[in-house]
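S.K.: Right, I'll just put the structure down here and ask away after.
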Amino acid sequence: GSACRNRARWIGVVSPGTWVRRSANVQYKHEADVEVFMKGDLLYWVRINPNNFSIMPNQTQQVSFELNVPLDAAEGNYTGKVLFCFKKK
């Protein structure tokens with residue numbers, strides 16, 4: 001079976017032309033293939049590494065998120081969701 005979960009991550013106020021890095025530790029109770037991806041306004045501004053990996057039961061995998069705000073970004077409130085999808089092996 002498969003399961004997708006979204007997790008909230010607060011980035012805060014970021015100016016155009018800057019970048020921010022955040023990370024999350026991922027665990028799952030089963031052996032699984034994991035896909036991590038972004039949805040929403042920030043889709044094209046966030047790089048996820050790794051975005052695909054395999055995980056063993058109770059193993060911890062760190063995933064980093066790099067937000068790079070373009071110089072020409074208009075002022076405003078931008079939102080997005082990170083989805084972690086687990087497919088049991």
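For the structure tokens, the naming scheme is as follows: chains receive sequential letters (A, B, ...) according to their order of presentation, residues are indexed from 1 within each chain, and ligands are indexed from 1 in presentation order.
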Excluding A:Phe86 and residues on its chain fewer than 4 positions from it, collect all residues at most 9 Å away from it, counting only C-alpha atoms, and give them as a list of chain:residue names.
M.R.: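 The residues that qualify are A:Gly1, A:Ser2, A:Ala3, A:Cys4, A:Arg5, A:Tyr28, A:Ala32, A:Asp33, A:Val34, A:Glu35, A:Val36.
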S.K.: Can you work out which one of A:Phe84, A:Phe53, A:Phe37, A:Trp45 has the shortest atom-to-atom distance to A:Leu71, counting only C-alpha atoms?
M.R.: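 Of all the options, A:Trp45 lies closest to A:Leu71.
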S.K.: Using DSSP on the backbone coordinates, identify all residues within stretch 1-44 of chain A classified as strand (DSSP E); present the result as a list in words.
M.R.: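 Residues of stretch 1-44 of chain A classed as strand (DSSP E): Ser2, Ala3, Cys4, Arg5, Asn6, Arg7, Trp19, Val20, Arg21, Arg22, Ser23, Ala24, Asn25, Val26, Ala32, Asp33, Val34, Glu35, Val36, Phe37, Met38, Lys39 and Gly40 of chain A.
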S.K.: Neighbours of stretch 72-74 of chain A within 10 Å (only C-alpha atoms; same-chain residues fewer than 4 positions away dropped), as a ChimeraX atom specification?
M.R.: /A:15-17,78
S.K.: Which of these residues is nearest to A:Arg22, using only C-alpha atoms: A:Lys81, A:Glu75, A:Ser64, A:Lys89?
M.R.: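 Result for the nearest residue to A:Arg22: A:Ser64.
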S.K.: Pick out the closest residue to A:Val82 from this set: A:Asn25, A:Asn58, A:Trp19, A:Phe65. Count only C-alpha atoms.
M.R.: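 Of A:Asn25, A:Asn58, A:Trp19, A:Phe65, the one nearest A:Val82 is A:Phe65, counting only C-alpha atoms.
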